[in-house]
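Working notes for the structure below.
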Amino acid sequence: MAELNRREFFKAVLGGGALAASGGVGTLYSGFARAAAPAFDDYKALVVFYLYGGNDAYNMVIPMGSGTRSYDEYANSRGAIAVANKGLTADRQGNNPYAAGGNSDAEKYLGGLYTFDDYVAGLDGYRPETHIGINAMMPELAQLYRDGRAASVVNVGSLVEPVTKNQLGEKKLPPFLFAHNHQTRAMETGWADNLSAMGWAGRLADLWEAHTASGVNGGSALGLNVSFGGNSRLMTGRMNAPSVLSPSSSRLFDTRQDRFDADFFRQLNRELPDDHPLHRVLRSANRRSVDLSNLLSGYYADTEGMFGSLQNPYGGDLFSSPDAADLALSRGLSGQALRSFHAVARMIHVGRNQLGLNRQIFFVGMGGFDNHTDLASKHPLLLREISLALNDFTTALDDMNGGIADEVLVASLSDFGRTLGNNGDGTDHAWAGCNILLGGGIDGGRVLGELPDLRLGGDSDTASNPGRAKGRLIPTTAIDQYLATLCDWFGVAENEMAGLFPNLSAFEATPGEASSAYLALNKAQESGLPLSL
């Protein structure tokens, strides 16, 4: 047997590899209250798309409402970084509609937006006060919105209880508002005033006993939660941790040059004394890490070329990153989101079609959104990649098993929104922002929630003096409501929601009914569900 590199072994077992695959040291906990795992006979996947740094959401989704929610108020508050009210036509195939908008990246980014006046005006329940446009960098997302496959959740943020401007001094607020690490933790825990809690998806894995053979997915080595964006707390529970994988590798461990031998794990299982303190957790970790390694080198590796016949909007391979010349921008994309969504599509095929799993949650991360300066030169490429990644992912799902996009829901998250006012050439940390929903069979082409008062110093601003106000907007939809809506779609029972989102009851329209706090993913649900707090 080849000699195992000790440093590599302990990094794998005690870090994000073997223990993550097996549920981590949390498998030693036995007192966690949980219900019997539900028995599903269908497949659903939830993809959490995290935009690190605080996305400037109101230049991604541009308010086009009425009154204080109008484009004019938006433009007045944004100043030099406002997206122009120049209507473009969504076209996700062929030439870039934004290319004619200017020479620099900033000119194209600020040069226009995709509007939907002819589309939304004919919708049942159309609310002109919540009308939106989509940034010129995102023609594919605009087309998905027009096709009724994507929606936007507006003015959503971290809350402990509903609050208005007049109540800021008397209501309980989340701690450390506007701080990256704390507000990221709030998104991960789904519990704004308990940042030490385990992640909401991790708690769901515990609740559904994903670590046991009788739990959801039958105790698969893959578990419930799979991260292609690092070891996020969002996916970590007391008894379950995510399978943390690389989008670019089909190996859990480096098996090249005889540096690693899976037989060593099996030897540990045999030789570690039964009364050793680590016997139980290492035995589980060893077994499941080998299972996961085999899964990746087998089923997952076999999916490498499964989308080879499909093309992106530029005529290149699906999920490939167009170069700067094709993009008609000054530089190319990072490719981070494209690689990650490619990996998720492949793993959905493995989980759904090869392993027969019923439920999967995926985590994808993308950085670069903390743009205090140079917003108009940095943000365009970020939005361009988001749009292309979502388009390519949808194309892949449409091609899989005759089309499974209705079985997969993509939901974006970010640390927080950013100031509506600018600081010169960027924006600062703020509170409420906007998120994107895609797929899942939702009725898209709609805005969920309520646009805020867009005046600096207005009713939605935390400050009152227009001369000093920055446009830190107070949320009208709580992140708890957003996440609970995702979990309801995913199959979480109403009586299980309080364990995942303990503050959800504060947002119930009908006390005692968790479902009255959900957002309406389908038009048929709109009656009786809240549009705002």
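How things are named: the first chain in the structure tokens is A, the next is B, and so on; residues count from 1 in each chain; ligands count from 1 in the order shown.
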If we count only C-alpha atoms, what is near Asp206 of chain A at a cut-off of 8 Å, once residues fewer than 4 positions away on the same chain are taken out, given as a ChimeraX atom specification?
/A:34,202,210-211,237-240
Enumerate as a PyMOL selection string all residues of segment 261-445 of chain A assigned to strand (DSSP E or B) by DSSP on the backbone, naming them with the chain letters and numbers the document uses.
chain A and resi 311+317+359-366+408-414+418+429+433-439
Restricting the calculation to only C-alpha atoms: of A:Ala524, A:Met137, A:Val344, A:Ala509, which residue gets closest to Ala328 of chain A?
A:Met137
What's the 9 Å shell around Asp147 of chain A, counting only C-alpha atoms, without same-chain residues fewer than 3 positions away, as number ranges by chain?
A: 142-144, 150, 444-445
Between segment 155-238 of chain A and segment 368-387 of chain A, at 12 Å or less, what are the per-residue closest atom pairs and their distances in Å? Count only C-alpha atoms, order by chain and rising residue number, and return it as CSV.
```
residue,atom,partner,partner_atom,distance
A:Phe178,CA,A:Asp370,CA,11.7
A:Ala179,CA,A:Asp370,CA,11.4
A:His180,CA,A:Asp370,CA,9.3
```
So that I can see what lies close to Pro162 of chain A, please list as a PyMOL selection string the residues with an atom at most 12 Å from it, counting only C-alpha atoms and leaving out residues fewer than 5 positions away in the same chain.
chain A and resi 156-157+167-168+170-174+474-481+503-509+517+532-533
Which polymer residues have any atom within 10 Å of an atom of segment 422-424 of chain A, counting only C-alpha atoms, with same-chain residues fewer than 4 positions away left out, as a ChimeraX atom specification?
/A:77-82,372-375,418,428,470-471
Please return as an mmCIF file with N, CA, C and O atoms, in the first residue's frame: the residues of segment 38-122 of chain A that backbone DSSP assigns to helix (DSSP H, G or I).
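Okay, result-v4.cif is ready:
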```cif
data_model
loop_
_atom_site.group_PDB
_atom_site.id
_atom_site.type_symbol
_atom_site.label_atom_id
_atom_site.label_comp_id
_atom_site.auth_asym_id
_atom_site.auth_seq_id
_atom_site.Cartn_x
_atom_site.Cartn_y
_atom_site.Cartn_z
ATOM 1 N N ALA A 57 -28.342 45.695 -6.203
ATOM 2 C CA ALA A 57 -29.497 45.052 -6.825
ATOM 3 C C ALA A 57 -30.377 46.021 -7.601
ATOM 4 O O ALA A 57 -31.049 45.616 -8.558
ATOM 5 N N TYR A 58 -30.385 47.301 -7.212
ATOM 6 C CA TYR A 58 -31.264 48.235 -7.905
ATOM 7 C C TYR A 58 -30.643 48.788 -9.188
ATOM 8 O O TYR A 58 -31.252 49.624 -9.850
ATOM 9 N N ASN A 59 -29.450 48.290 -9.557
ATOM 10 C CA ASN A 59 -28.971 48.490 -10.916
ATOM 11 C C ASN A 59 -29.022 47.190 -11.705
ATOM 12 O O ASN A 59 -28.659 47.164 -12.884
ATOM 13 N N GLY A 67 -45.495 56.830 -8.826
ATOM 14 C CA GLY A 67 -45.396 57.655 -7.622
ATOM 15 C C GLY A 67 -43.976 57.672 -7.069
ATOM 16 O O GLY A 67 -43.008 57.867 -7.812
ATOM 17 N N THR A 68 -43.836 57.447 -5.773
ATOM 18 C CA THR A 68 -42.504 57.450 -5.155
ATOM 19 C C THR A 68 -41.691 56.202 -5.512
ATOM 20 O O THR A 68 -40.532 56.082 -5.120
ATOM 21 N N ARG A 69 -42.284 55.292 -6.257
ATOM 22 C CA ARG A 69 -41.591 54.077 -6.692
ATOM 23 C C ARG A 69 -41.235 54.136 -8.176
ATOM 24 O O ARG A 69 -40.908 53.124 -8.789
ATOM 25 N N TYR A 71 -39.444 55.344 -11.904
ATOM 26 C CA TYR A 71 -38.098 55.443 -12.457
ATOM 27 C C TYR A 71 -37.506 56.821 -12.177
ATOM 28 O O TYR A 71 -36.313 56.958 -11.867
ATOM 29 N N ASP A 72 -38.309 57.880 -12.293
ATOM 30 C CA ASP A 72 -37.796 59.235 -12.085
ATOM 31 C C ASP A 72 -37.230 59.398 -10.678
ATOM 32 O O ASP A 72 -36.175 60.032 -10.495
ATOM 33 N N GLU A 73 -37.906 58.849 -9.684
ATOM 34 C CA GLU A 73 -37.387 58.942 -8.318
ATOM 35 C C GLU A 73 -36.110 58.114 -8.172
ATOM 36 O O GLU A 73 -35.162 58.524 -7.491
ATOM 37 N N TYR A 74 -36.084 56.964 -8.811
ATOM 38 C CA TYR A 74 -34.875 56.133 -8.824
ATOM 39 C C TYR A 74 -33.713 56.925 -9.416
ATOM 40 O O TYR A 74 -32.612 56.975 -8.839
ATOM 41 N N ALA A 75 -33.922 57.537 -10.586
ATOM 42 C CA ALA A 75 -32.853 58.267 -11.268
ATOM 43 C C ALA A 75 -32.384 59.459 -10.443
ATOM 44 O O ALA A 75 -31.182 59.745 -10.378
ATOM 45 N N ASN A 76 -33.313 60.161 -9.826
ATOM 46 C CA ASN A 76 -32.939 61.305 -8.988
ATOM 47 C C ASN A 76 -32.041 60.873 -7.838
ATOM 48 O O ASN A 76 -31.079 61.569 -7.475
ATOM 49 N N SER A 77 -32.343 59.722 -7.234
ATOM 50 C CA SER A 77 -31.582 59.250 -6.085
ATOM 51 C C SER A 77 -30.241 58.637 -6.490
ATOM 52 O O SER A 77 -29.236 58.794 -5.795
ATOM 53 N N ARG A 78 -30.207 57.946 -7.606
ATOM 54 C CA ARG A 78 -28.978 57.279 -8.046
ATOM 55 C C ARG A 78 -27.954 58.255 -8.616
ATOM 56 O O ARG A 78 -26.743 58.025 -8.551
ATOM 57 N N GLY A 79 -28.425 59.311 -9.248
ATOM 58 C CA GLY A 79 -27.510 60.280 -9.825
ATOM 59 C C GLY A 79 -26.736 59.713 -11.002
ATOM 60 O O GLY A 79 -27.293 59.078 -11.903
ATOM 61 N N ALA A 80 -25.410 59.856 -10.967
ATOM 62 C CA ALA A 80 -24.566 59.504 -12.111
ATOM 63 C C ALA A 80 -24.516 58.013 -12.394
ATOM 64 O O ALA A 80 -24.084 57.609 -13.481
ATOM 65 N N ILE A 81 -24.945 57.183 -11.450
ATOM 66 C CA ILE A 81 -24.881 55.728 -11.684
ATOM 67 C C ILE A 81 -26.249 55.146 -12.030
ATOM 68 O O ILE A 81 -26.431 53.926 -12.016
ATOM 69 N N PRO A 97 -27.688 43.158 -27.608
ATOM 70 C CA PRO A 97 -28.481 44.384 -27.757
ATOM 71 C C PRO A 97 -27.823 45.589 -27.108
ATOM 72 O O PRO A 97 -28.022 46.718 -27.536
ATOM 73 N N TYR A 98 -27.007 45.367 -26.086
ATOM 74 C CA TYR A 98 -26.413 46.505 -25.385
ATOM 75 C C TYR A 98 -25.200 47.058 -26.124
ATOM 76 O O TYR A 98 -24.687 48.124 -25.784
ATOM 77 N N ALA A 99 -24.692 46.323 -27.110
ATOM 78 C CA ALA A 99 -23.439 46.724 -27.749
ATOM 79 C C ALA A 99 -23.547 48.087 -28.429
ATOM 80 O O ALA A 99 -22.558 48.791 -28.567
ATOM 81 N N ALA A 100 -24.753 48.454 -28.855
ATOM 82 C CA ALA A 100 -24.927 49.739 -29.525
ATOM 83 C C ALA A 100 -25.084 50.894 -28.545
ATOM 84 O O ALA A 100 -25.199 52.044 -28.949
ATOM 85 N N GLY A 101 -25.057 50.585 -27.250
ATOM 86 C CA GLY A 101 -25.336 51.613 -26.245
ATOM 87 C C GLY A 101 -24.171 52.488 -25.894
ATOM 88 O O GLY A 101 -24.334 53.445 -25.136
ATOM 89 N N ASP A 105 -17.448 49.895 -21.180
ATOM 90 C CA ASP A 105 -18.297 48.987 -20.413
ATOM 91 C C ASP A 105 -19.343 49.771 -19.636
ATOM 92 O O ASP A 105 -20.514 49.376 -19.563
ATOM 93 N N ALA A 106 -18.928 50.887 -19.036
ATOM 94 C CA ALA A 106 -19.836 51.699 -18.225
ATOM 95 C C ALA A 106 -20.971 52.257 -19.070
ATOM 96 O O ALA A 106 -22.132 52.285 -18.633
ATOM 97 N N GLU A 107 -20.666 52.701 -20.273
ATOM 98 C CA GLU A 107 -21.711 53.256 -21.146
ATOM 99 C C GLU A 107 -22.726 52.193 -21.532
ATOM 100 O O GLU A 107 -23.926 52.464 -21.619
ATOM 101 N N LYS A 108 -22.270 50.975 -21.772
ATOM 102 C CA LYS A 108 -23.193 49.894 -22.115
ATOM 103 C C LYS A 108 -24.022 49.479 -20.905
ATOM 104 O O LYS A 108 -25.216 49.181 -21.023
ATOM 105 N N TYR A 109 -23.390 49.452 -19.742
ATOM 106 C CA TYR A 109 -24.053 49.065 -18.489
ATOM 107 C C TYR A 109 -25.123 50.070 -18.091
ATOM 108 O O TYR A 109 -26.214 49.698 -17.623
ATOM 109 N N LEU A 110 -24.832 51.346 -18.276
ATOM 110 C CA LEU A 110 -25.776 52.405 -17.886
ATOM 111 C C LEU A 110 -26.644 52.868 -19.049
ATOM 112 O O LEU A 110 -27.516 53.715 -18.868
ATOM 113 N N ASP A 117 -43.345 46.511 -20.791
ATOM 114 C CA ASP A 117 -44.645 47.183 -20.767
ATOM 115 C C ASP A 117 -45.694 46.412 -21.550
ATOM 116 O O ASP A 117 -46.826 46.226 -21.104
ATOM 117 N N ASP A 118 -45.330 45.931 -22.739
ATOM 118 C CA ASP A 118 -46.294 45.246 -23.586
ATOM 119 C C ASP A 118 -46.653 43.871 -23.032
ATOM 120 O O ASP A 118 -47.692 43.311 -23.350
ATOM 121 N N TYR A 119 -45.784 43.344 -22.186
ATOM 122 C CA TYR A 119 -46.001 41.999 -21.636
ATOM 123 C C TYR A 119 -46.795 42.051 -20.333
ATOM 124 O O TYR A 119 -47.824 41.403 -20.189
ATOM 125 N N VAL A 120 -46.316 42.857 -19.385
ATOM 126 C CA VAL A 120 -46.917 42.807 -18.052
ATOM 127 C C VAL A 120 -48.272 43.485 -17.985
ATOM 128 O O VAL A 120 -49.106 43.142 -17.148
#
```
With distances taken over only C-alpha atoms, which residue among A:Glu513, A:Glu496, A:Asp443, A:Glu188 lies nearest Ala201 of chain A?
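For Ala201 of chain A, the nearest of the given residues is A:Glu188.
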Return as a tab-separated table the residues of segment 118-223 of chain A lying at most 12 Å from segment 305-317 of chain A, together with the closest atom-to-atom pair for each and the distance in Å to one decimal, counting only C-alpha atoms, with rows in chain order and ascending residue number.
```
residue	atom	partner	partner_atom	distance
A:Met138	CA	A:Pro313	CA	11.9
A:Pro139	CA	A:Pro313	CA	10.1
A:Glu140	CA	A:Pro313	CA	8.5
```
If we count only C-alpha atoms, what is near Gly417 of chain A at a cut-off of 6 Å, once residues fewer than 3 positions away on the same chain are taken out, given as an MDAnalysis selection string?
chainID A and resid 54 430:433
At most 12 Å is the cut-off: for each residue in segment 388-468 of chain A with any atom that close to an atom of segment 350-363 of chain A, write down the nearest atom pair and the distance in Å rounded to one decimal, counting only C-alpha atoms, chain first then increasing number, as a tab-separated table.
```
residue	atom	partner	partner_atom	distance
A:Leu397	CA	A:Arg352	CA	11.8
A:Met400	CA	A:Asn353	CA	9.8
A:Asn401	CA	A:Asn353	CA	8.8
A:Ile404	CA	A:Arg352	CA	10.2
A:Glu407	CA	A:Arg359	CA	10.0
A:Val408	CA	A:Gln360	CA	9.4
A:Leu409	CA	A:Ile361	CA	9.7
A:Val410	CA	A:Phe362	CA	9.3
A:Ala411	CA	A:Phe363	CA	10.0
A:Ser412	CA	A:Phe363	CA	10.1
A:Leu413	CA	A:Phe363	CA	10.6
```
Go ahead and write the residues just picked, N, CA and C atoms, as a short mmCIF file (atom, residue, chain, number, x, y, z; two decimals), in the first residue's frame.
```cif
data_model
loop_
_atom_site.label_atom_id
_atom_site.label_comp_id
_atom_site.auth_asym_id
_atom_site.auth_seq_id
_atom_site.Cartn_x
_atom_site.Cartn_y
_atom_site.Cartn_z
N LEU A 397 -30.95 22.11 -18.32
CA LEU A 397 -32.09 21.44 -17.69
C LEU A 397 -33.18 21.13 -18.70
N MET A 400 -32.34 17.93 -20.42
CA MET A 400 -32.19 16.74 -19.59
C MET A 400 -33.53 16.04 -19.40
N ASN A 401 -33.62 14.78 -19.74
CA ASN A 401 -34.83 13.98 -19.54
C ASN A 401 -36.08 14.63 -20.11
N ILE A 404 -36.41 19.30 -17.31
CA ILE A 404 -36.68 19.18 -15.86
C ILE A 404 -36.54 20.52 -15.14
N GLU A 407 -38.41 21.26 -12.02
CA GLU A 407 -38.04 20.53 -10.82
C GLU A 407 -36.89 21.20 -10.06
N VAL A 408 -36.36 22.29 -10.63
CA VAL A 408 -35.17 22.93 -10.06
C VAL A 408 -35.44 24.43 -9.91
N LEU A 409 -35.27 24.93 -8.69
CA LEU A 409 -35.50 26.35 -8.41
C LEU A 409 -34.19 27.00 -8.01
N VAL A 410 -33.80 28.06 -8.73
CA VAL A 410 -32.61 28.84 -8.42
C VAL A 410 -33.05 30.09 -7.68
N ALA A 411 -32.36 30.39 -6.56
CA ALA A 411 -32.70 31.56 -5.75
C ALA A 411 -31.42 32.29 -5.37
N SER A 412 -31.35 33.57 -5.69
CA SER A 412 -30.15 34.33 -5.35
C SER A 412 -30.26 34.90 -3.94
N LEU A 413 -29.09 35.13 -3.33
CA LEU A 413 -28.95 35.78 -2.04
C LEU A 413 -27.72 36.68 -2.09
#
```
For Ser227 of chain A, the nearest of the candidates A:Gly298, A:Gly332, A:Pro242, A:Gly169, counting only C-alpha atoms:
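Once distances to Ser227 of chain A are computed over only C-alpha atoms, the minimum belongs to A:Pro242.
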Counting only C-alpha atoms, which residue out of A:Gly335, A:Gly223, A:Gly53, A:Pro247 sits closest to Gln183 of chain A?
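The shortest atom-to-atom distance to Gln183 of chain A comes from A:Gly53.
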Atom CA of Asn391 of chain A to atom CA of Ser320 of chain A, straight-line distance in Å
11.9 Å
Write out as a PyMOL selection string the residues lying within 6 Å of Asp406 of chain A, counting only C-alpha atoms and excluding same-chain residues fewer than 6 positions away.
chain A and resi 439-441
Write the residues of the selection above to a file with C-alpha atoms, as a CSV table (one decimal), in the first residue's frame.
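Contents of out-v7.csv, as written:
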```csv
chain,number,residue,atom,x,y,z
A,439,GLY,CA,-37.3,27.9,-12.7
A,440,GLY,CA,-39.2,25.6,-10.3
A,441,GLY,CA,-42.4,25.9,-12.3
```
In terms of the shortest atom-to-atom distance over only C-alpha atoms, which of A:Leu486, A:Ala84, A:Ala192, A:Met347 is closest to Ser243 of chain A?
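Checking each of A:Leu486, A:Ala84, A:Ala192, A:Met347 against Ser243 of chain A, counting only C-alpha atoms, the winner is A:Met347.
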Compare A:Asn181, A:Ser248, A:Thr485, A:Thr395 by their minimum atom-to-atom distance to Ala337 of chain A, counting only C-alpha atoms, and give me the closest one.
A:Ser248
